[in-house]
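J.: Sharing a structure below in structure tokens format, with a few things to ask.
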Amino acid sequence: MVGRWLIYALGGGMGHLTRASALARAAARRGHGVVLLINTPFAPGLPLEDVLGPRVQVLRLSPALGKAGVGEVVARCLEDVRPDLFVVDTFPRGLGGELVPLLARMRARKVLVHRDVNPVYVKKYGLARAVDAFDLLLVPGEDAPFGRHPRAVRTAPWLLLRAGELLSRGAARARLDVRAGDARPLVAVMGCGTPEEVEEAGGIASRLEATLGAHAVVRWLVPPGLDVDLEGAPGSSRAERAVVWPALAVLPGVDVLVGAGGYNTVQEARATGTPFVALARSRLYDRQAVRLRPEELAGSVDELVARAAELASSRPVRGPCLYLSGTEDAVTLIERTVLSA
């Protein structure tokens, strides 16, 4: 059954946006029409429509919109779109609890994208009751508090691009302005998280460039259209900035990835076999330290720089970029267990 989907993916970083975009893109390939609600400050500059295609309509909400405003927008979307399916990423009550009254009277079938969240948040807001409002819980590739719920189904991690859509190693390195014939290892520092953390990544890239010198190429990856003073980032004049999104496309050309423990960076590094070291950033709901493996986790910026430099110097062997995103299975599960019911 082909249907109309409304996907609620509100949250400050790139995680909700990218994960929901991956699902929206997979759904659109199967003929579904999708409206995607996002409010990340990164959204205005991203070429989402080009990546997601004409079947996905993107509604960019202001990050400053409060609980009442978000509730009004979602209620209006429900009236205008009249979706067959309402998908919520991570927060079953909405960011501020604004979904609770809407879910109770909603005719659309409901799906929760359920990843790991802080147990303090789970207990404080009674999420055990909130998840019961959903017809299906999709658990995309990592343990989650209600992963054993009777309506929960785990899939492989969700990735925005298929493996065949990634650039070749040569094309990826060219996209990152590495000269043809330059065989030095490429270290990429992912500018992810909050705008301030994207800036801090510039300083980390600068330190890596100073540490590695002529023995490696260092690039600071930033999303397009970011509305912060990147030129004023500490040390940013040293490290060459590469404006790229989605960064997944260029990972075949990266020999060492430096970043944080957010869902997308971690899953993309593992799926592509990219050697990876990261900081666990502090979040209200996300537990990055739990997501990262011991060999991926650095306890400080100094350790991060040292371990990334050591990895680059050892010229690590890249794994093959072969993977299957769980989004195809997720769409199939929705079609068979929710939309056909």
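We name chains A, B, ... following the order of the structure tokens; residues begin at 1 in each chain, and ligands are numbered from 1 as shown.
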Select from stretch 265-322 of chain A every residue with an atom at most 12 Å from any atom of stretch 159-163 of chain A, then for each give the shortest pair of atoms and their distance in Å to one decimal, using only C-alpha atoms, rows by chain and rising number, as a Markdown table.

T.:
```
| residue | atom | partner | partner_atom | distance |
| --- | --- | --- | --- | --- |
| A:Thr265 | CA | A:Leu159 | CA | 10.0 |
| A:Val266 | CA | A:Leu159 | CA | 10.7 |
| A:Gln267 | CA | A:Leu159 | CA | 7.6 |
| A:Glu268 | CA | A:Leu159 | CA | 6.9 |
| A:Ala269 | CA | A:Leu159 | CA | 10.7 |
| A:Arg270 | CA | A:Leu159 | CA | 11.0 |
| A:Ala271 | CA | A:Leu159 | CA | 8.7 |
| A:Thr272 | CA | A:Ala163 | CA | 8.4 |
| A:Gly273 | CA | A:Ala163 | CA | 11.8 |
| A:Pro320 | CA | A:Ala163 | CA | 10.0 |
| A:Cys321 | CA | A:Ala163 | CA | 6.5 |
| A:Leu322 | CA | A:Ala163 | CA | 5.8 |
```

J.: Pull C-alpha atoms from the residues just selected and write them as a CSV table (one decimal), in the first residue's frame.

T.:
```csv
chain,number,residue,atom,x,y,z
A,265,THR,CA,29.0,9.5,12.5
A,266,VAL,CA,29.5,6.2,14.4
A,267,GLN,CA,27.3,4.1,12.1
A,268,GLU,CA,28.8,5.6,8.9
A,269,ALA,CA,32.3,5.0,10.1
A,270,ARG,CA,31.6,1.4,11.0
A,271,ALA,CA,29.6,0.6,7.8
A,272,THR,CA,32.4,1.9,5.6
A,273,GLY,CA,35.2,0.3,7.6
A,320,PRO,CA,35.5,-2.5,2.2
A,321,CYS,CA,32.7,-0.1,1.8
A,322,LEU,CA,30.0,-2.7,1.5
```

J.: I need the residues in stretch 197-319 of chain A that are strand (DSSP E or B) according to DSSP; give them as a count of residues only.

T.: 21

J.: Can you pull out every residue within 10 Å of A:His114, counting only C-alpha atoms, but drop anything in the same chain fewer than 3 positions away, and send it as a PyMOL selection string?

T.: chain A and resi 88-92+111+117+131+136-147+152-154

J.: Okay, now the selection with N, CA, C and O atoms, as a PDB file, in the first residue's frame?

T.:
```pdb
ATOM      1  N   VAL A  88       7.737   9.226  14.277  1.00  0.00           N
ATOM      2  CA  VAL A  88       8.402  10.107  15.237  1.00  0.00           C
ATOM      3  C   VAL A  88       9.797   9.563  15.516  1.00  0.00           C
ATOM      4  O   VAL A  88       9.950   8.390  15.879  1.00  0.00           O
ATOM      5  N   ASP A  89      10.809  10.409  15.350  1.00  0.00           N
ATOM      6  CA  ASP A  89      12.176   9.998  15.626  1.00  0.00           C
ATOM      7  C   ASP A  89      12.530  10.288  17.082  1.00  0.00           C
ATOM      8  O   ASP A  89      12.503  11.452  17.517  1.00  0.00           O
ATOM      9  N   THR A  90      12.847   9.258  17.852  1.00  0.00           N
ATOM     10  CA  THR A  90      13.468   9.295  19.181  1.00  0.00           C
ATOM     11  C   THR A  90      12.536   9.684  20.324  1.00  0.00           C
ATOM     12  O   THR A  90      12.507   9.029  21.359  1.00  0.00           O
ATOM     13  N   PHE A  91      11.781  10.803  20.179  1.00  0.00           N
ATOM     14  CA  PHE A  91      11.035  11.351  21.309  1.00  0.00           C
ATOM     15  C   PHE A  91       9.549  11.019  21.190  1.00  0.00           C
ATOM     16  O   PHE A  91       8.811  11.719  20.473  1.00  0.00           O
ATOM     17  N   PRO A  92       9.046   9.989  21.871  1.00  0.00           N
ATOM     18  CA  PRO A  92       7.644   9.578  21.687  1.00  0.00           C
ATOM     19  C   PRO A  92       6.634  10.614  22.147  1.00  0.00           C
ATOM     20  O   PRO A  92       5.489  10.611  21.697  1.00  0.00           O
ATOM     21  N   VAL A 111       4.446   5.215  14.127  1.00  0.00           N
ATOM     22  CA  VAL A 111       5.699   4.460  14.235  1.00  0.00           C
ATOM     23  C   VAL A 111       6.716   5.308  14.985  1.00  0.00           C
ATOM     24  O   VAL A 111       6.878   6.495  14.702  1.00  0.00           O
ATOM     25  N   VAL A 117      18.462   6.115  24.473  1.00  0.00           N
ATOM     26  CA  VAL A 117      18.272   7.411  25.124  1.00  0.00           C
ATOM     27  C   VAL A 117      18.613   7.270  26.607  1.00  0.00           C
ATOM     28  O   VAL A 117      18.608   6.172  27.164  1.00  0.00           O
ATOM     29  N   VAL A 131       5.414   5.072  24.762  1.00  0.00           N
ATOM     30  CA  VAL A 131       5.674   4.234  23.592  1.00  0.00           C
ATOM     31  C   VAL A 131       4.484   3.343  23.249  1.00  0.00           C
ATOM     32  O   VAL A 131       4.361   2.876  22.110  1.00  0.00           O
ATOM     33  N   LEU A 136       4.229   0.497  16.016  1.00  0.00           N
ATOM     34  CA  LEU A 136       5.475  -0.198  15.723  1.00  0.00           C
ATOM     35  C   LEU A 136       6.630   0.626  16.254  1.00  0.00           C
ATOM     36  O   LEU A 136       6.640   1.856  16.127  1.00  0.00           O
ATOM     37  N   LEU A 137       7.595  -0.043  16.895  1.00  0.00           N
ATOM     38  CA  LEU A 137       8.838   0.593  17.317  1.00  0.00           C
ATOM     39  C   LEU A 137       9.957   0.018  16.456  1.00  0.00           C
ATOM     40  O   LEU A 137      10.201  -1.204  16.473  1.00  0.00           O
ATOM     41  N   LEU A 138      10.614   0.869  15.693  1.00  0.00           N
ATOM     42  CA  LEU A 138      11.745   0.446  14.876  1.00  0.00           C
ATOM     43  C   LEU A 138      13.032   0.806  15.608  1.00  0.00           C
ATOM     44  O   LEU A 138      13.232   1.953  15.990  1.00  0.00           O
ATOM     45  N   VAL A 139      13.904  -0.174  15.810  1.00  0.00           N
ATOM     46  CA  VAL A 139      15.144   0.007  16.566  1.00  0.00           C
ATOM     47  C   VAL A 139      16.298  -0.106  15.579  1.00  0.00           C
ATOM     48  O   VAL A 139      16.697  -1.204  15.196  1.00  0.00           O
ATOM     49  N   PRO A 140      16.868   1.038  15.139  1.00  0.00           N
ATOM     50  CA  PRO A 140      17.813   1.021  14.025  1.00  0.00           C
ATOM     51  C   PRO A 140      19.267   0.752  14.423  1.00  0.00           C
ATOM     52  O   PRO A 140      20.112   1.636  14.447  1.00  0.00           O
ATOM     53  N   GLY A 141      19.559  -0.503  14.759  1.00  0.00           N
ATOM     54  CA  GLY A 141      20.948  -0.911  14.840  1.00  0.00           C
ATOM     55  C   GLY A 141      21.656  -0.737  16.161  1.00  0.00           C
ATOM     56  O   GLY A 141      22.877  -0.927  16.225  1.00  0.00           O
ATOM     57  N   GLU A 142      20.965  -0.345  17.228  1.00  0.00           N
ATOM     58  CA  GLU A 142      21.625  -0.270  18.525  1.00  0.00           C
ATOM     59  C   GLU A 142      20.604  -0.559  19.621  1.00  0.00           C
ATOM     60  O   GLU A 142      19.398  -0.434  19.412  1.00  0.00           O
ATOM     61  N   ASP A 143      21.098  -0.986  20.781  1.00  0.00           N
ATOM     62  CA  ASP A 143      20.199  -1.288  21.886  1.00  0.00           C
ATOM     63  C   ASP A 143      19.427  -0.033  22.300  1.00  0.00           C
ATOM     64  O   ASP A 143      19.929   1.086  22.192  1.00  0.00           O
ATOM     65  N   ALA A 144      18.210  -0.243  22.785  1.00  0.00           N
ATOM     66  CA  ALA A 144      17.347   0.861  23.186  1.00  0.00           C
ATOM     67  C   ALA A 144      16.509   0.413  24.377  1.00  0.00           C
ATOM     68  O   ALA A 144      16.289  -0.789  24.584  1.00  0.00           O
ATOM     69  N   PRO A 145      16.023   1.360  25.195  1.00  0.00           N
ATOM     70  CA  PRO A 145      15.315   0.994  26.422  1.00  0.00           C
ATOM     71  C   PRO A 145      14.139   0.043  26.219  1.00  0.00           C
ATOM     72  O   PRO A 145      13.882  -0.828  27.049  1.00  0.00           O
ATOM     73  N   PHE A 146      13.402   0.225  25.119  1.00  0.00           N
ATOM     74  CA  PHE A 146      12.218  -0.601  24.896  1.00  0.00           C
ATOM     75  C   PHE A 146      12.415  -1.513  23.686  1.00  0.00           C
ATOM     76  O   PHE A 146      11.473  -1.825  22.959  1.00  0.00           O
ATOM     77  N   GLY A 147      13.650  -1.951  23.510  1.00  0.00           N
ATOM     78  CA  GLY A 147      13.966  -2.835  22.393  1.00  0.00           C
ATOM     79  C   GLY A 147      13.295  -4.185  22.484  1.00  0.00           C
ATOM     80  O   GLY A 147      13.188  -4.894  21.476  1.00  0.00           O
ATOM     81  N   ALA A 152       8.339  -3.968  19.098  1.00  0.00           N
ATOM     82  CA  ALA A 152       9.653  -3.457  18.671  1.00  0.00           C
ATOM     83  C   ALA A 152      10.327  -4.455  17.732  1.00  0.00           C
ATOM     84  O   ALA A 152      10.312  -5.659  17.962  1.00  0.00           O
ATOM     85  N   VAL A 153      10.933  -3.913  16.668  1.00  0.00           N
ATOM     86  CA  VAL A 153      11.676  -4.728  15.708  1.00  0.00           C
ATOM     87  C   VAL A 153      12.994  -4.025  15.414  1.00  0.00           C
ATOM     88  O   VAL A 153      13.017  -2.837  15.090  1.00  0.00           O
ATOM     89  N   ARG A 154      14.080  -4.769  15.533  1.00  0.00           N
ATOM     90  CA  ARG A 154      15.401  -4.203  15.274  1.00  0.00           C
ATOM     91  C   ARG A 154      15.795  -4.398  13.816  1.00  0.00           C
ATOM     92  O   ARG A 154      15.502  -5.439  13.220  1.00  0.00           O
TER      93      ARG A 154
END
```

J.: Compile the contact shell of A:Ala28 as a PyMOL selection string: residues with an atom at most 7 Å away, counting only C-alpha atoms, same-chain residues fewer than 4 positions apart removed.

T.: chain A and resi 24+32-34+55-56

J.: Kindly export the residues of the current selection with N, CA and C atoms, as a PDB file, in the first residue's frame.

T.:
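result-v9.pdb written:
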```pdb
ATOM      1  N   ALA A  24      13.002   8.601   4.926  1.00  0.00           N
ATOM      2  CA  ALA A  24      12.173   9.287   3.937  1.00  0.00           C
ATOM      3  C   ALA A  24      12.604   8.939   2.518  1.00  0.00           C
ATOM      4  N   HIS A  32       6.024   6.070  -1.827  1.00  0.00           N
ATOM      5  CA  HIS A  32       5.297   6.813  -0.808  1.00  0.00           C
ATOM      6  C   HIS A  32       5.596   8.312  -0.925  1.00  0.00           C
ATOM      7  N   GLY A  33       4.608   9.122  -0.582  1.00  0.00           N
ATOM      8  CA  GLY A  33       4.824  10.560  -0.485  1.00  0.00           C
ATOM      9  C   GLY A  33       5.152  10.911   0.956  1.00  0.00           C
ATOM     10  N   VAL A  34       6.172  11.735   1.166  1.00  0.00           N
ATOM     11  CA  VAL A  34       6.664  11.995   2.513  1.00  0.00           C
ATOM     12  C   VAL A  34       6.768  13.495   2.764  1.00  0.00           C
ATOM     13  N   ARG A  55       9.558  13.307  -4.231  1.00  0.00           N
ATOM     14  CA  ARG A  55       8.461  12.743  -3.431  1.00  0.00           C
ATOM     15  C   ARG A  55       8.545  13.131  -1.960  1.00  0.00           C
ATOM     16  N   VAL A  56       9.640  13.801  -1.570  1.00  0.00           N
ATOM     17  CA  VAL A  56       9.813  14.205  -0.176  1.00  0.00           C
ATOM     18  C   VAL A  56       9.724  15.724  -0.087  1.00  0.00           C
TER      19      VAL A  56
END
```

J.: One decimal, Å: what's the distance from atom CA of A:Val74 over to atom CA of A:Leu48, could you say?

T.: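 For atom CA of A:Val74 relative to atom CA of A:Leu48, the distance reads 20.1 Å.
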
J.: So, with only C-alpha atoms as the atoms that count, which of A:Gly15, A:Gly181, A:Pro252, A:Pro150 lies closest to A:Ala43?

T.: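 Nearest to A:Ala43: A:Gly15.
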
J.: Between atom CA of A:Val258 and atom CA of A:Gly202, what is the spacing in Å?

T.: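 Between atom CA of A:Gly202 and atom CA of A:Val258 the gap is 11.3 Å.
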
J.: Which residues, written as JSON, numbers by chain, have at least one atom at most 12 Å from stretch 332-340 of chain A, with only C-alpha atoms counted and residues fewer than 3 positions away on the same chain left out?

T.: {"A": [1, 2, 3, 4, 5, 23, 26, 27, 29, 30, 31, 32, 83, 84, 85, 86, 87, 108, 109, 110, 111, 112, 113, 134, 135, 136, 137, 138, 139, 151, 152, 153, 154, 155, 326, 327, 328, 329]}

J.: Mind writing the picked residues with N, CA, C and O atoms as a short mmCIF file (atom, residue, chain, number, x, y, z; two decimals), in the first residue's frame?

T.:
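Final output, saved to result_29.cif:
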```cif
data_model
loop_
_atom_site.label_atom_id
_atom_site.label_comp_id
_atom_site.auth_asym_id
_atom_site.auth_seq_id
_atom_site.Cartn_x
_atom_site.Cartn_y
_atom_site.Cartn_z
N MET A 1 0.84 -1.20 0.00
CA MET A 1 0.00 0.00 0.00
C MET A 1 0.87 1.25 0.00
O MET A 1 1.71 1.43 0.87
N VAL A 2 0.69 2.08 -1.00
CA VAL A 2 1.41 3.36 -1.06
C VAL A 2 0.64 4.38 -0.24
O VAL A 2 -0.59 4.48 -0.34
N GLY A 3 1.34 5.11 0.61
CA GLY A 3 0.65 6.04 1.50
C GLY A 3 1.33 7.38 1.62
O GLY A 3 2.38 7.63 1.01
N ARG A 4 0.72 8.24 2.43
CA ARG A 4 1.28 9.56 2.74
C ARG A 4 1.89 9.49 4.14
O ARG A 4 1.21 9.11 5.10
N TRP A 5 3.15 9.88 4.24
CA TRP A 5 3.88 9.80 5.50
C TRP A 5 4.21 11.20 6.00
O TRP A 5 4.61 12.07 5.23
N LEU A 23 15.22 7.35 6.12
CA LEU A 23 13.94 6.65 6.03
C LEU A 23 13.05 7.26 4.97
O LEU A 23 12.42 6.55 4.18
N ALA A 26 14.19 6.23 1.50
CA ALA A 26 13.84 4.84 1.19
C ALA A 26 12.35 4.71 0.92
O ALA A 26 11.93 3.97 0.02
N ALA A 27 11.53 5.41 1.70
CA ALA A 27 10.09 5.35 1.49
C ALA A 27 9.71 5.94 0.13
O ALA A 27 8.85 5.40 -0.58
N ARG A 29 11.49 6.03 -2.53
CA ARG A 29 11.87 5.10 -3.60
C ARG A 29 10.81 4.03 -3.82
O ARG A 29 10.72 3.45 -4.90
N ARG A 30 10.02 3.76 -2.79
CA ARG A 30 8.96 2.75 -2.91
C ARG A 30 7.63 3.38 -3.30
O ARG A 30 6.59 2.72 -3.25
N GLY A 31 7.63 4.67 -3.62
CA GLY A 31 6.42 5.31 -4.11
C GLY A 31 5.62 6.09 -3.09
O GLY A 31 4.61 6.71 -3.44
N HIS A 32 6.02 6.07 -1.83
CA HIS A 32 5.30 6.81 -0.81
C HIS A 32 5.60 8.31 -0.92
O HIS A 32 6.70 8.71 -1.29
N PRO A 83 -2.03 12.32 6.85
CA PRO A 83 -1.13 11.19 6.56
C PRO A 83 -1.76 9.85 6.93
O PRO A 83 -2.59 9.75 7.84
N ASP A 84 -1.32 8.83 6.22
CA ASP A 84 -1.65 7.46 6.60
C ASP A 84 -0.73 6.99 7.72
O ASP A 84 -1.08 6.08 8.47
N LEU A 85 0.45 7.61 7.78
CA LEU A 85 1.47 7.18 8.73
C LEU A 85 2.14 8.40 9.35
O LEU A 85 2.52 9.33 8.65
N PHE A 86 2.30 8.36 10.67
CA PHE A 86 3.01 9.41 11.40
C PHE A 86 4.22 8.75 12.06
O PHE A 86 4.07 7.84 12.90
N VAL A 87 5.42 9.19 11.68
CA VAL A 87 6.67 8.62 12.19
C VAL A 87 7.33 9.65 13.10
O VAL A 87 7.47 10.82 12.72
N ALA A 108 -4.03 8.50 11.98
CA ALA A 108 -2.92 7.88 11.27
C ALA A 108 -2.28 6.78 12.11
O ALA A 108 -2.28 6.85 13.35
N ARG A 109 -1.73 5.76 11.44
CA ARG A 109 -0.93 4.77 12.15
C ARG A 109 0.37 5.44 12.60
O ARG A 109 0.85 6.38 11.96
N LYS A 110 0.95 4.91 13.67
CA LYS A 110 2.07 5.62 14.32
C LYS A 110 3.27 4.69 14.49
O LYS A 110 3.12 3.55 14.95
N VAL A 111 4.45 5.21 14.13
CA VAL A 111 5.70 4.46 14.23
C VAL A 111 6.72 5.31 14.98
O VAL A 111 6.88 6.49 14.70
N LEU A 112 7.40 4.70 15.94
CA LEU A 112 8.48 5.36 16.68
C LEU A 112 9.82 4.80 16.23
O LEU A 112 10.02 3.58 16.20
N VAL A 113 10.74 5.69 15.87
CA VAL A 113 12.12 5.31 15.61
C VAL A 113 12.84 5.38 16.96
O VAL A 113 13.04 6.47 17.51
N PHE A 134 2.26 3.81 20.08
CA PHE A 134 2.75 3.55 18.73
C PHE A 134 2.46 2.11 18.30
O PHE A 134 2.52 1.17 19.09
N ASP A 135 2.14 1.97 17.01
CA ASP A 135 1.83 0.67 16.45
C ASP A 135 3.08 -0.17 16.19
O ASP A 135 3.00 -1.40 16.10
N LEU A 136 4.23 0.50 16.02
CA LEU A 136 5.48 -0.20 15.72
C LEU A 136 6.63 0.63 16.25
O LEU A 136 6.64 1.86 16.13
N LEU A 137 7.60 -0.04 16.90
CA LEU A 137 8.84 0.59 17.32
C LEU A 137 9.96 0.02 16.46
O LEU A 137 10.20 -1.20 16.47
N LEU A 138 10.61 0.87 15.69
CA LEU A 138 11.75 0.45 14.88
C LEU A 138 13.03 0.81 15.61
O LEU A 138 13.23 1.95 15.99
N VAL A 139 13.90 -0.17 15.81
CA VAL A 139 15.14 0.01 16.57
C VAL A 139 16.30 -0.11 15.58
O VAL A 139 16.70 -1.20 15.20
N ARG A 151 6.05 -4.78 20.32
CA ARG A 151 5.91 -4.21 18.97
C ARG A 151 7.23 -3.64 18.45
O ARG A 151 7.23 -2.90 17.46
N ALA A 152 8.34 -3.97 19.10
CA ALA A 152 9.65 -3.46 18.67
C ALA A 152 10.33 -4.45 17.73
O ALA A 152 10.31 -5.66 17.96
N VAL A 153 10.93 -3.91 16.67
CA VAL A 153 11.68 -4.73 15.71
C VAL A 153 12.99 -4.02 15.41
O VAL A 153 13.02 -2.84 15.09
N ARG A 154 14.08 -4.77 15.53
CA ARG A 154 15.40 -4.20 15.27
C ARG A 154 15.79 -4.40 13.82
O ARG A 154 15.50 -5.44 13.22
N THR A 155 16.43 -3.38 13.25
CA THR A 155 16.95 -3.46 11.89
C THR A 155 18.45 -3.15 11.93
O THR A 155 19.00 -2.77 12.96
N GLY A 326 19.56 -0.36 6.95
CA GLY A 326 18.33 -0.93 7.48
C GLY A 326 17.07 -0.22 7.05
O GLY A 326 15.96 -0.67 7.40
N THR A 327 17.20 0.86 6.30
CA THR A 327 15.99 1.61 5.92
C THR A 327 15.07 0.82 4.99
O THR A 327 13.85 0.95 5.07
N GLU A 328 15.65 0.01 4.11
CA GLU A 328 14.81 -0.78 3.21
C GLU A 328 13.96 -1.77 4.01
O GLU A 328 12.75 -1.92 3.77
N ASP A 329 14.59 -2.44 4.98
CA ASP A 329 13.83 -3.36 5.83
C ASP A 329 12.78 -2.60 6.66
O ASP A 329 11.69 -3.12 6.90
#
```

J.: Determine the nearest neighbour of A:Leu127 from the options A:Arg318, A:Gly97, A:Arg241, A:Ala278, counting only C-alpha atoms.

T.: A:Gly97

J.: Which is closer to A:Leu59 than all the others in A:Gly71, A:Pro246, A:Pro44, A:Pro119, using only C-alpha atoms?

T.: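 Between A:Gly71, A:Pro246, A:Pro44, A:Pro119, the residue approaching A:Leu59 most closely is A:Pro44.
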
J.: To one decimal place, how far is atom CA of A:Pro275 from atom CA of A:Gly299 in Å?

T.: 17.2 Å

J.: Just want the 12 Å neighbourhood of A:Arg315, counted on only C-alpha atoms, with same-chain residues fewer than 6 positions away dropped. Output as a ChimeraX atom specification.

T.: /A:183-187,215-216,254-256,274-275,308-309

J.: Which is closest to A:Glu98 among A:Lys124, A:Arg25, A:Arg293, A:Lys67, if we use only C-alpha atoms?

T.: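 Of A:Lys124, A:Arg25, A:Arg293, A:Lys67, the one nearest A:Glu98, counting only C-alpha atoms, is A:Lys67.
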